[in-house]
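The file final-v9.cif comes next; it holds mmCIF, C-alpha atoms.
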```
data_final
loop_
_atom_site.label_atom_id
_atom_site.label_comp_id
_atom_site.auth_asym_id
_atom_site.auth_seq_id
_atom_site.Cartn_x
_atom_site.Cartn_y
_atom_site.Cartn_z
CA MET J 222 28.71 14.12 -7.59
CA SER J 223 29.78 15.54 -4.22
CA LEU J 224 27.70 14.70 -1.15
CA SER J 225 25.94 17.33 0.96
CA GLY J 226 25.83 17.37 4.74
CA TRP J 227 22.41 15.66 4.72
CA ASP J 228 23.79 13.06 2.29
CA TRP J 229 26.57 12.19 4.71
CA ALA J 230 24.13 12.11 7.62
CA LEU J 231 22.03 9.64 5.63
CA VAL J 232 25.07 7.52 4.73
CA LEU J 233 26.27 7.31 8.33
CA ALA J 234 22.79 6.62 9.74
CA VAL J 235 22.07 3.86 7.24
CA ALA J 236 25.54 2.36 7.66
CA THR J 237 25.07 2.32 11.44
CA MET J 238 21.64 0.70 11.17
CA GLY J 239 22.92 -1.81 8.62
CA THR J 240 25.84 -2.72 10.87
CA ILE J 241 23.47 -3.25 13.79
CA VAL J 242 21.34 -5.53 11.59
CA ALA J 243 24.44 -7.55 10.71
CA TYR J 244 25.24 -8.28 14.35
CA LEU J 245 21.72 -9.03 15.54
CA ARG J 246 20.87 -12.75 15.64
CA ASN J 247 17.08 -12.81 15.95
CA PRO J 248 15.23 -12.46 12.60
CA GLU J 249 12.49 -10.40 14.29
CA HIS J 250 15.06 -7.98 15.68
CA LYS J 251 16.69 -7.64 12.27
CA ALA J 252 13.30 -6.95 10.67
CA PHE J 253 12.47 -4.35 13.32
CA MET J 254 15.29 -2.14 12.06
CA LEU J 255 13.41 -1.82 8.76
CA MET J 256 10.60 -0.04 10.62
CA LEU J 257 12.65 2.88 11.91
CA PRO J 258 12.01 6.06 9.87
CA VAL J 259 15.48 7.54 10.34
CA PRO J 260 16.53 6.82 6.71
CA PHE J 261 13.21 8.20 5.44
CA THR J 262 13.62 11.42 7.44
CA LEU J 263 17.19 12.05 6.32
CA ALA J 264 16.46 11.04 2.73
CA ALA J 265 13.54 13.47 2.63
CA LEU J 266 15.86 16.24 3.82
CA THR J 267 18.58 15.38 1.34
CA VAL J 268 16.10 15.24 -1.57
CA GLY J 269 14.46 18.48 -0.38
CA GLN J 270 11.15 17.91 -2.16
CA PRO J 271 7.70 18.19 -0.54
CA VAL J 272 6.12 14.86 0.36
CA ASP J 273 3.80 13.74 -2.44
CA THR J 274 2.38 10.61 -4.05
CA THR J 275 5.85 9.34 -5.02
CA ASN J 276 6.73 8.95 -1.33
CA VAL J 277 3.64 6.79 -0.78
CA LEU J 278 4.28 4.69 -3.86
CA ALA J 279 7.89 4.33 -2.74
CA LEU J 280 6.71 2.52 0.40
CA ALA J 281 4.59 0.18 -1.72
CA LEU J 282 7.55 -0.37 -4.03
CA MET J 283 9.74 -1.18 -1.03
CA PHE J 284 7.34 -4.04 -0.27
CA GLY J 285 7.73 -5.14 -3.88
CA TYR J 286 11.52 -5.09 -3.51
CA THR J 287 11.33 -7.21 -0.35
CA VAL J 288 9.02 -9.78 -1.94
CA ALA J 289 11.15 -9.91 -5.10
CA ALA J 290 14.35 -10.51 -3.13
CA TRP J 291 12.64 -13.27 -1.12
CA ALA J 292 11.14 -14.94 -4.21
CA LEU J 293 14.39 -14.83 -6.19
CA ARG J 294 16.40 -16.27 -3.32
CA VAL J 295 13.97 -18.78 -1.82
CA CYS J 296 11.74 -19.80 -4.73
CA TYR J 297 14.24 -19.64 -7.59
CA ARG J 298 17.50 -20.26 -5.69
CA VAL J 299 19.17 -17.15 -7.12
CA PRO J 300 22.41 -16.24 -5.27
CA ILE J 301 21.63 -13.62 -2.66
CA VAL J 302 23.82 -10.85 -4.14
CA LEU J 303 22.31 -11.31 -7.61
CA ALA J 304 18.82 -11.42 -6.07
CA ILE J 305 19.49 -8.09 -4.36
CA VAL J 306 20.85 -6.53 -7.57
CA LEU J 307 17.82 -7.65 -9.60
CA ALA J 308 15.34 -6.48 -6.95
CA VAL J 309 17.08 -3.10 -6.63
CA ALA J 310 17.16 -2.72 -10.41
CA GLY J 311 13.40 -3.32 -10.49
CA TYR J 312 12.85 -0.73 -7.77
CA CYS J 313 14.96 1.85 -9.62
CA LEU J 314 13.42 1.30 -13.04
CA ILE J 315 9.86 1.49 -11.75
CA GLY J 316 10.62 4.37 -9.37
CA ILE J 317 12.36 6.48 -12.00
CA GLY J 318 9.56 5.82 -14.46
CA ILE J 319 6.85 6.92 -12.03
CA ALA J 320 8.90 9.89 -10.77
CA LYS J 321 8.99 11.28 -14.33
CA LEU J 322 5.18 11.42 -14.30
CA GLN J 323 5.31 13.78 -11.28
CA PRO J 324 2.09 12.67 -9.55
CA THR J 325 1.82 15.56 -7.08
CA GLY J 326 -1.90 16.42 -6.83
CA ASP J 327 -3.78 16.28 -3.53
CA GLY J 328 -6.48 13.97 -4.87
CA THR J 329 -3.93 11.47 -6.13
CA PHE J 330 -1.96 11.63 -2.87
CA TRP J 331 -4.91 10.94 -0.57
CA SER J 332 -6.48 8.24 -2.71
CA VAL J 333 -3.19 6.37 -3.14
CA THR J 334 -2.44 6.75 0.59
CA ILE J 335 -5.79 5.28 1.63
CA VAL J 336 -5.58 2.37 -0.82
CA THR J 337 -2.00 1.57 0.21
CA TRP J 338 -2.86 1.73 3.92
CA VAL J 339 -5.79 -0.66 3.47
CA ALA J 340 -3.54 -2.99 1.47
CA GLY J 341 -1.04 -2.94 4.34
CA VAL J 342 -3.73 -3.91 6.86
CA LEU J 343 -4.89 -6.79 4.65
CA LEU J 344 -1.33 -8.02 4.15
CA ILE J 345 -0.76 -8.04 7.92
CA ARG J 346 -3.79 -10.29 8.29
CA TRP J 347 -3.09 -12.55 5.31
CA LEU J 348 0.67 -13.19 5.36
CA PRO J 349 1.40 -16.29 7.47
CA ASP J 350 4.00 -16.42 10.21
CA ARG J 351 6.99 -18.71 9.71
CA ALA J 352 9.77 -19.66 12.11
CA GLU J 353 13.16 -18.90 10.56
CA PRO J 354 16.75 -19.46 11.72
CA SER J 355 18.91 -16.86 13.43
CA HIS J 356 22.13 -15.58 11.90
CA ARG J 357 24.90 -13.17 12.88
CA THR J 358 27.72 -11.99 10.63
CA PRO J 359 31.15 -13.42 11.48
CA LEU J 360 32.96 -10.39 10.02
CA PRO J 361 34.55 -7.88 12.42
CA VAL J 362 32.88 -4.48 12.61
CA TRP J 363 35.94 -2.67 11.21
CA ILE J 364 35.37 -4.53 7.92
CA LYS J 365 31.57 -4.58 7.92
CA PHE J 366 30.93 -0.88 8.62
CA PRO J 367 33.23 0.59 5.89
CA ALA J 368 31.86 -1.92 3.38
CA ILE J 369 28.30 -0.79 4.09
CA VAL J 370 29.35 2.89 3.86
CA LEU J 371 30.76 2.31 0.38
CA VAL J 372 27.52 0.66 -0.75
CA ILE J 373 25.34 3.47 0.61
CA VAL J 374 27.54 6.22 -0.87
CA GLY J 375 27.03 4.63 -4.27
CA LEU J 376 23.27 4.42 -3.80
CA VAL J 377 22.96 8.08 -2.75
CA GLN J 378 24.34 9.11 -6.15
CA ILE J 379 21.08 8.21 -7.91
CA LYS J 380 18.80 10.33 -5.70
CA ARG J 381 18.17 12.93 -8.42
CA GLN J 382 16.72 10.31 -10.75
CA LEU J 383 14.59 8.67 -8.06
CA GLY J 384 13.17 11.88 -6.56
CA GLY J 385 10.60 11.01 -3.89
CA PHE J 386 11.37 7.32 -4.32
CA THR J 387 14.71 7.96 -2.60
CA THR J 388 12.89 8.29 0.75
CA ALA J 389 11.85 4.63 0.83
CA PHE J 390 14.72 3.26 -1.22
CA PRO J 391 15.73 0.04 0.58
CA MET J 392 19.14 1.24 1.75
CA VAL J 393 18.85 -0.51 5.09
CA GLY J 394 16.76 -3.11 3.28
CA ILE J 395 19.65 -4.05 1.01
CA VAL J 396 21.88 -4.74 4.00
CA ALA J 397 19.01 -6.43 5.84
CA THR J 398 18.33 -8.66 2.83
CA TYR J 399 21.90 -9.86 2.76
CA GLU J 400 22.27 -10.24 6.51
CA ALA J 401 18.83 -11.87 6.85
CA ARG J 402 19.27 -14.15 3.84
CA TYR J 403 18.21 -17.11 6.00
CA SER J 404 15.08 -15.33 7.27
CA LEU J 405 13.80 -13.27 4.35
CA TRP J 406 10.14 -14.11 4.97
CA THR J 407 10.34 -12.32 8.32
CA ASN J 408 11.30 -9.16 6.41
CA VAL J 409 8.39 -9.65 4.00
CA ARG J 410 5.94 -9.88 6.90
CA ARG J 411 7.32 -6.77 8.57
CA ILE J 412 7.00 -4.37 5.61
CA PRO J 413 3.17 -4.25 5.71
CA TRP J 414 3.54 -2.89 9.24
CA VAL J 415 5.85 -0.23 7.80
CA LEU J 416 3.06 0.74 5.41
CA VAL J 417 0.44 0.94 8.14
CA ILE J 418 2.64 2.96 10.54
CA MET J 419 4.47 5.18 8.06
CA LEU J 420 1.50 6.31 5.96
CA PRO J 421 -0.13 8.32 8.79
CA MET J 422 3.30 9.94 9.24
CA LEU J 423 3.38 10.89 5.56
CA ALA J 424 -0.18 12.20 5.76
CA SER J 425 0.84 14.37 8.72
CA ILE J 426 3.80 15.76 6.77
CA ARG J 427 1.57 16.48 3.80
CA LEU J 428 -0.77 18.52 6.03
CA TRP J 429 1.99 20.40 7.87
CA GLN J 430 4.52 21.16 5.12
CA PRO J 431 2.61 24.00 3.37
CA HIS J 432 2.48 25.89 6.68
CA VAL J 433 5.80 25.18 8.41
CA GLY J 434 8.09 23.78 5.69
CA LEU J 435 9.45 20.27 5.23
CA PRO J 436 12.00 20.09 8.10
CA ALA J 437 9.48 21.21 10.73
CA ALA J 438 6.79 18.99 9.21
CA LEU J 439 9.12 16.00 9.53
CA ALA J 440 9.74 16.81 13.19
CA LEU J 441 6.02 17.22 13.88
CA SER J 442 5.24 13.90 12.19
CA TRP J 443 7.50 11.82 14.43
CA PRO J 444 4.99 11.65 17.33
CA VAL J 445 2.46 10.27 14.84
CA TYR J 446 4.91 7.54 13.92
CA LEU J 447 5.75 6.77 17.55
CA VAL J 448 2.06 6.25 18.33
CA GLY J 449 1.88 3.74 15.49
CA LEU J 450 5.02 2.00 16.71
CA GLY J 451 3.48 1.79 20.19
CA VAL J 452 0.40 0.08 18.72
CA PHE J 453 2.64 -2.37 16.86
CA HIS J 454 4.54 -3.13 20.07
CA ALA J 455 1.33 -3.72 22.02
CA ILE J 456 -0.09 -6.05 19.37
CA SER J 457 3.21 -7.93 19.10
CA ARG J 458 3.38 -8.45 22.86
CA LYS J 459 -0.20 -9.69 22.93
CA ALA J 460 0.48 -12.14 20.11
CA PHE J 461 3.63 -13.39 21.84
CA ALA J 462 1.74 -13.91 25.09
CA GLU J 463 -1.01 -15.86 23.31
CA GLU J 464 1.59 -18.09 21.65
CA ALA J 465 3.27 -18.70 25.00
CA ASP J 466 -0.06 -19.78 26.53
#
```
For the structure just supplied, provide its representation as structure tokens.
Amino acid sequence: MSLSGWDWALVLAVATMGTIVAYLRNPEHKAFMLMLPVPFTLAALTVGQPVDTTNVLALALMFGYTVAAWALRVCYRVPIVLAIVLAVAGYCLIGIGIAKLQPTGDGTFWSVTIVTWVAGVLLIRWLPDRAEPSHRTPLPVWIKFPAIVLVIVGLVQIKRQLGGFTTAFPMVGIVATYEARYSLWTNVRRIPWVLVIMLPMLASIRLWQPHVGLPAALALSWPVYLVGLGVFHAISRKAFAEEAD
């Protein structure tokens, strides 16, 4: 299947973010890249479907992918590449299955959004913090970047089957899982923040898209996301200051 212009924009954006993750040392900095909604925005444009319940469930399923990769690697000592493959396979099978049900109603969307947002808040409070080692890839960028591009091109091919689940498919997450294989718990702790910050953005898109269309709704939702990111930054700084004291 040939790639559209939005497909290539998604591939290049994800490959760039994945390459940045590979060369960052700090686990917290690596995990921060998972919070940026650039892949979501471009994936939504390349799929071209209105935001619905599948997009919300995709975020929840992304958390499931992250936990599965961590558990397989850390708890069961599965090699990291096999752990990623198994976690991605689980995401795809569940996502494709739910996408076939086409849960698009307003009532379903808002109820699932509220429940998922509350779950994200609870996970932020419950998941413990753990110090993990830093790591930076030794590979030169001229090898790392093309390798990531090839992986993402392959993943984009299954967008038709995944539908709305493409928007939260862990494209950056796959790279981040491999590059943060010594600090996977940090990724697990960061995804609940993604839920809490991204869901108001999705709610904003849902409200705007019937009136202005999906592209404009995506643009109008970015300030909502940036407000949430600002709250995350403020809370993180406060927590860091308290730890320093």
Each side padded by 8 Å, which centre and which edge lengths in Å (one decimal) define the axis-aligned box around the listed atoms of range 396-407 of chain J? Give them as AutoDock Vina command-line options.
```
--center_x 16.2 --center_y -10.9 --center_z 5.5 --size_x 28.1 --size_y 28.4 --size_z 21.6
```
Worksheet item: Once the PyMOL selection byres ((chain J and resi 437-453) around 7) has been applied to the shown file, what residues remain in the selection, as a ChimeraX atom specification?
Response: /J:262,418-419,421-422,425-426,429-430,433-436,454-457
Fill in: Expansion of the PyMOL selection byres ((chain J and resi 367-382) around 6) into residues, as a ChimeraX atom specification
/J:232,236,317,364-366,383-384,387
Item to complete: Taking the file above as input, evaluate the PyMOL selection byres ((chain J and resi 283) around 12) and report the hits as a ChimeraX atom specification.
Response: /J:255-256,261,275-282,284-290,308-309,311-313,315-316,386-395,408-409,411-413,415-416
Discussion item. Give me the residues near Ala234 in chain J as a PyMOL selection string, where near means some atom within 8 Å (using all atoms listed in the file) and where sequence neighbours in that chain fewer than 3 positions away do not count.
Written reply: chain J and resi 230-231+237-238+259-260
Worksheet entry | Point (23.1, -13.3, 5.0), cut-off 10 Å, counting only C-alpha atoms, residues as a ChimeraX atom specification | /J:243,301-302,356-358,396-405
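As for CA of Val336 in chain J and CA of Ala320 in chain J, they are spaced 19.1 Å apart.
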Practice prompt. Using all atoms listed in the file, find the one residue out of J:Val272, J:Ala264, J:Met254, J:Leu224 that sits nearest to Asp327 in chain J.
Written response: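 Under the stated criterion, the closest residue is J:Val272.
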Worksheet item: Could you state the separation of CA of Pro361 in chain J and CA of Asn247 in chain J in Å, given to one decimal place?
Response: 18.5 Å
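The space separating CA of Leu257 in chain J from CA of Pro349 in chain J comes to 22.7 Å.
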Could you rebuild range 351-376 of chain J with N, CA and C atoms and give it back as an mmCIF file, keeping the file's coordinate frame?
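Okay, rebuild15.cif is ready:
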```cif
data_model
loop_
_atom_site.group_PDB
_atom_site.id
_atom_site.type_symbol
_atom_site.label_atom_id
_atom_site.label_comp_id
_atom_site.auth_asym_id
_atom_site.auth_seq_id
_atom_site.Cartn_x
_atom_site.Cartn_y
_atom_site.Cartn_z
ATOM 1 N N ARG J 351 6.122 -17.557 9.920
ATOM 2 C CA ARG J 351 6.990 -18.710 9.710
ATOM 3 C C ARG J 351 8.212 -18.579 10.604
ATOM 4 N N ALA J 352 8.562 -19.655 11.284
ATOM 5 C CA ALA J 352 9.770 -19.660 12.110
ATOM 6 C C ALA J 352 10.990 -19.771 11.188
ATOM 7 N N GLU J 353 11.967 -18.900 11.397
ATOM 8 C CA GLU J 353 13.160 -18.900 10.560
ATOM 9 C C GLU J 353 14.407 -18.868 11.435
ATOM 10 N N PRO J 354 15.531 -19.358 10.912
ATOM 11 C CA PRO J 354 16.750 -19.460 11.720
ATOM 12 C C PRO J 354 17.406 -18.112 12.001
ATOM 13 N N SER J 355 18.137 -18.057 13.083
ATOM 14 C CA SER J 355 18.910 -16.860 13.430
ATOM 15 C C SER J 355 20.240 -16.876 12.678
ATOM 16 N N HIS J 356 20.826 -15.690 12.560
ATOM 17 C CA HIS J 356 22.130 -15.580 11.900
ATOM 18 C C HIS J 356 22.797 -14.286 12.316
ATOM 19 N N ARG J 357 24.110 -14.357 12.532
ATOM 20 C CA ARG J 357 24.900 -13.170 12.880
ATOM 21 C C ARG J 357 26.174 -13.194 12.057
ATOM 22 N N THR J 358 26.538 -12.037 11.480
ATOM 23 C CA THR J 358 27.720 -11.990 10.630
ATOM 24 C C THR J 358 28.978 -12.334 11.409
ATOM 25 N N PRO J 359 29.886 -13.113 10.806
ATOM 26 C CA PRO J 359 31.150 -13.420 11.480
ATOM 27 C C PRO J 359 32.219 -12.356 11.247
ATOM 28 N N LEU J 360 31.962 -11.407 10.341
ATOM 29 C CA LEU J 360 32.960 -10.390 10.020
ATOM 30 C C LEU J 360 33.140 -9.401 11.160
ATOM 31 N N PRO J 361 34.352 -8.921 11.411
ATOM 32 C CA PRO J 361 34.550 -7.880 12.420
ATOM 33 C C PRO J 361 33.959 -6.560 11.968
ATOM 34 N N VAL J 362 33.580 -5.722 12.925
ATOM 35 C CA VAL J 362 32.880 -4.480 12.610
ATOM 36 C C VAL J 362 33.756 -3.540 11.776
ATOM 37 N N TRP J 363 35.080 -3.586 11.950
ATOM 38 C CA TRP J 363 35.940 -2.670 11.210
ATOM 39 C C TRP J 363 35.992 -3.008 9.714
ATOM 40 N N ILE J 364 35.522 -4.195 9.336
ATOM 41 C CA ILE J 364 35.370 -4.530 7.920
ATOM 42 C C ILE J 364 33.935 -4.274 7.468
ATOM 43 N N LYS J 365 32.984 -4.667 8.295
ATOM 44 C CA LYS J 365 31.570 -4.580 7.920
ATOM 45 C C LYS J 365 31.113 -3.134 7.734
ATOM 46 N N PHE J 366 31.430 -2.249 8.683
ATOM 47 C CA PHE J 366 30.930 -0.880 8.620
ATOM 48 C C PHE J 366 31.439 -0.123 7.391
ATOM 49 N N PRO J 367 32.764 -0.112 7.109
ATOM 50 C CA PRO J 367 33.230 0.590 5.890
ATOM 51 C C PRO J 367 32.633 0.011 4.610
ATOM 52 N N ALA J 368 32.439 -1.306 4.575
ATOM 53 C CA ALA J 368 31.860 -1.920 3.380
ATOM 54 C C ALA J 368 30.447 -1.411 3.138
ATOM 55 N N ILE J 369 29.665 -1.292 4.214
ATOM 56 C CA ILE J 369 28.300 -0.790 4.090
ATOM 57 C C ILE J 369 28.314 0.684 3.682
ATOM 58 N N VAL J 370 29.239 1.466 4.230
ATOM 59 C CA VAL J 370 29.350 2.890 3.860
ATOM 60 C C VAL J 370 29.575 3.034 2.365
ATOM 61 N N LEU J 371 30.476 2.234 1.805
ATOM 62 C CA LEU J 371 30.760 2.310 0.380
ATOM 63 C C LEU J 371 29.520 2.008 -0.462
ATOM 64 N N VAL J 372 28.748 1.006 -0.031
ATOM 65 C CA VAL J 372 27.520 0.660 -0.750
ATOM 66 C C VAL J 372 26.529 1.810 -0.723
ATOM 67 N N ILE J 373 26.334 2.405 0.461
ATOM 68 C CA ILE J 373 25.340 3.470 0.610
ATOM 69 C C ILE J 373 25.770 4.739 -0.131
ATOM 70 N N VAL J 374 27.053 5.060 -0.122
ATOM 71 C CA VAL J 374 27.540 6.220 -0.870
ATOM 72 C C VAL J 374 27.203 6.065 -2.353
ATOM 73 N N GLY J 375 27.371 4.862 -2.874
ATOM 74 C CA GLY J 375 27.030 4.630 -4.270
ATOM 75 C C GLY J 375 25.553 4.793 -4.543
ATOM 76 N N LEU J 376 24.719 4.331 -3.605
ATOM 77 C CA LEU J 376 23.270 4.420 -3.800
ATOM 78 C C LEU J 376 22.773 5.866 -3.742
#
```
